Amino acid sequence: MSHKRMPKRKAAIAVGGVAALGAAALLLPHANASQDGNQASGATGTARTLKAADASDLAGQLQKILGDAFAGSYYDSGKQQLVVNVVNGDDNVIVQAKKAGAVVRQVANSTAELKAAARTLKTRATIPGTSWAVDPRTNKVLVTADSTVTGAKWDRLQSTVRSLGSGKATLKKSAGTFKTFVSGGDAIFSQAQGGNVRCSLGFNVTASDGSPAFLTAGHCGVAAKEWSDSEGGQPIATVDQATFPGAGDFALVKYNDPNTQAPSEVDAGNGQTVQINQAAEATVGTAVFRMGSTTGLRDGQVTGLDATVNFQSETSPNGVDTVTGLIQTDVCAEPGDSGGSLFTQDGNALGLTSGGSGDCTSGGETFFQPVTTALQATGATLGNGGAGGNGGDGGNGAGGEAGAGGEAGAGADDQAGAGDQAGAGAGAGDEAGAGGEAGAGDQAGGGDRIGGGADPSAPAGAPGSGAADDGASSPAGSH
């Protein structure tokens, strides 16, 4: 491949083509910009100016320090500050959060109350075409219904949301249809029952046995066992593990050639690559980029965490494939983008494209499998085998570099452990800090693009000329 192509496929296959140069232009000039270390005074106290990754680390630390008073957090990208929600917090709790460098906001709903609301939705409203995620900016559960949720289904969903009580949840309609973004066509390919399957490579990793591998969407791994880097080509990788539906949407696919090199970067198109430094937890409000084989490089923002999505299913007995623990964003995606990488301009690997509604013309919601959860579940490490565990060299002391998931000491000084880029983020589930992945400096990322190139004349955000769907019989959303 163009930047690290070696004989006999000794380089990783691509993440996908860039649809427009505008997103790359937005990404690359700021890739190494430093935003941390400054302070700004406001009505809520002194708050640190942080990079998004450092804000995520600080949020993990404050969750442990504040305990039950912690009610979520989000990143204010305009002010580059972490906003922490506090419920029933005494003066000491508020002082701790402020001293750590966060903006403190008193809210009505606790984390436990919002989780209880999500459990009620799961019990009473697991309807194909629905989703819900905690939105810390509104301190509510955001419930979304796609265009297929009508009539009695809509009435049932609306009644359930109302039963949660005033101020617990908001309900909105989406114009599209929730589906996984697998398709027939280009990028990484496989033959499955019903026709060709196309997905996108997410991040190259090293499997627990030391062999080269990559992460992609679980519904791609369930759809087909063997994958090629060219349509109709010989398989170059075989699925080792796949999870879908259920507690995630991820697959570990091992390269058949043990000499395959897995470059720790994402191709952003136009000859540009982005070095991936570590796996990290997503934070609501963080600016993110997605790479996929259909629509290339796209950007947007994290809008919700711990999302549950009820995809339409033709194979499940109840007609729904429910996936939990996802990241919700407003980044667009289309069929064929499944499995593609979600990352930040600072080089943090965040997620793998799962599915959503809409497209890159009308917009919509897209959901991503957290990379940290996938790494923990599969035992893989990013890039060519970086250290696992708590990551980084800084250890757990406040004021230093945070360990995985922000495992900082309980004491908080003015730095509060939100130091420079830390180890990998937390593992699966609701509790941040569970299990670390690759330490700082261990990378991920696909190789160069496969298929058609980007259209240099395309405006920012417009579809490019990457390899298109070839009309294969496998429909979008099939498994």
# chains A, B, ... in the order shown; residues from 1 in each chain; ligands from 1
>>> residues_around(residues="Gly101 in chain A", least_positions_apart="3", cutoff="6 Å", atoms="only C-alpha atoms", output="list in words")
Ala47, Arg48 and Lys98 of chain A
>>> write_last_selection(atoms="N, CA and C atoms", output="short mmCIF file (atom, residue, chain, number, x, y, z; two decimals), in the first residue's frame")
data_model
loop_
_atom_site.label_atom_id
_atom_site.label_comp_id
_atom_site.auth_asym_id
_atom_site.auth_seq_id
_atom_site.Cartn_x
_atom_site.Cartn_y
_atom_site.Cartn_z
N ALA A 47 -11.02 26.78 35.86
CA ALA A 47 -11.10 25.56 35.06
C ALA A 47 -9.90 25.49 34.13
N ARG A 48 -9.36 24.28 33.98
CA ARG A 48 -8.23 24.07 33.09
C ARG A 48 -8.69 23.99 31.65
N LYS A 98 -13.59 21.29 41.35
CA LYS A 98 -13.05 22.55 40.86
C LYS A 98 -11.53 22.58 40.97
#
>>> select_by_dssp(residues="range 185-391 of chain A", states="strand (DSSP E)", output="ChimeraX atom specification")
/A:188-192,195-199,203-206,212-216,226-227,237-243,250-255,265-269,272-275,278-279,287-292,296-312,320-329,341-343,348-356,366-370,381-382
>>> residues_around(residues="range 350-355 of chain A", least_positions_apart="4", cutoff="7 Å", atoms="only C-alpha atoms", output="PyMOL selection string")
chain A and resi 178-181+202+216-217+249+279-282+337-343+366-371
>>> closest_atom_pairs(of="range 240-317 of chain A", to="range 143-159 of chain A", cutoff="12 Å", atoms="only C-alpha atoms", output="JSON lines")
{"residue": "A:Gly304", "atom": "CA", "partner": "A:Val143", "partner_atom": "CA", "distance": 10.6}
{"residue": "A:Ala307", "atom": "CA", "partner": "A:Val143", "partner_atom": "CA", "distance": 9.6}
{"residue": "A:Thr308", "atom": "CA", "partner": "A:Val143", "partner_atom": "CA", "distance": 9.6}
{"residue": "A:Val309", "atom": "CA", "partner": "A:Thr144", "partner_atom": "CA", "distance": 9.3}
{"residue": "A:Asn310", "atom": "CA", "partner": "A:Ala145", "partner_atom": "CA", "distance": 9.7}
{"residue": "A:Phe311", "atom": "CA", "partner": "A:Asp146", "partner_atom": "CA", "distance": 10.1}
{"residue": "A:Gln312", "atom": "CA", "partner": "A:Thr148", "partner_atom": "CA", "distance": 9.4}
>>> residues_around(residues="Glu365 in chain A", least_positions_apart="3", cutoff="9 Å", atoms="only C-alpha atoms", output="VMD selection string")
chain A and resid 174 176 178 328 to 333 355 to 359
>>> write_last_selection(atoms="N, CA, C and O atoms", output="CSV table (one decimal), in the first residue's frame")
chain,number,residue,atom,x,y,z
A,174,SER,N,-36.1,10.1,14.0
A,174,SER,CA,-35.0,10.2,13.0
A,174,SER,C,-35.6,9.9,11.6
A,174,SER,O,-36.4,9.0,11.5
A,176,GLY,N,-34.2,8.6,9.0
A,176,GLY,CA,-33.7,7.4,8.4
A,176,GLY,C,-34.1,6.1,9.1
A,176,GLY,O,-35.1,6.1,9.8
A,178,PHE,N,-32.5,2.7,11.3
A,178,PHE,CA,-31.3,2.2,11.9
A,178,PHE,C,-30.9,0.9,11.2
A,178,PHE,O,-31.7,-0.1,11.1
A,328,GLN,N,-22.5,7.2,20.6
A,328,GLN,CA,-23.4,7.9,19.7
A,328,GLN,C,-22.8,9.2,19.2
A,328,GLN,O,-22.2,9.9,20.0
A,329,THR,N,-22.9,9.4,17.9
A,329,THR,CA,-22.3,10.6,17.3
A,329,THR,C,-23.2,11.2,16.2
A,329,THR,O,-24.2,10.5,15.8
A,330,ASP,N,-22.9,12.4,15.7
A,330,ASP,CA,-23.6,12.9,14.6
A,330,ASP,C,-22.8,12.9,13.3
A,330,ASP,O,-23.1,13.5,12.3
A,331,VAL,N,-21.8,12.0,13.3
A,331,VAL,CA,-21.0,11.8,12.1
A,331,VAL,C,-21.8,10.9,11.1
A,331,VAL,O,-22.4,9.9,11.5
A,332,CYS,N,-21.8,11.2,9.9
A,332,CYS,CA,-22.6,10.4,8.9
A,332,CYS,C,-21.8,9.2,8.5
A,332,CYS,O,-20.6,9.1,8.7
A,333,ALA,N,-22.5,8.2,8.0
A,333,ALA,CA,-21.9,7.0,7.5
A,333,ALA,C,-22.9,6.3,6.5
A,333,ALA,O,-24.1,6.6,6.6
A,355,GLY,N,-23.4,1.1,13.1
A,355,GLY,CA,-24.5,1.4,12.3
A,355,GLY,C,-25.2,2.7,12.7
A,355,GLY,O,-24.7,3.4,13.5
A,356,GLY,N,-26.4,2.9,12.1
A,356,GLY,CA,-27.1,4.1,12.4
A,356,GLY,C,-28.2,4.4,11.4
A,356,GLY,O,-28.6,3.5,10.7
A,357,SER,N,-28.6,5.7,11.3
A,357,SER,CA,-29.6,6.0,10.4
A,357,SER,C,-29.1,7.2,9.5
A,357,SER,O,-28.1,7.8,9.8
A,358,GLY,N,-29.7,7.4,8.4
A,358,GLY,CA,-29.3,8.5,7.5
A,358,GLY,C,-28.2,8.1,6.6
A,358,GLY,O,-27.8,7.0,6.4
A,359,ASP,N,-27.6,9.2,6.0
A,359,ASP,CA,-26.5,9.0,5.1
A,359,ASP,C,-25.7,10.3,5.1
A,359,ASP,O,-25.9,11.2,5.9
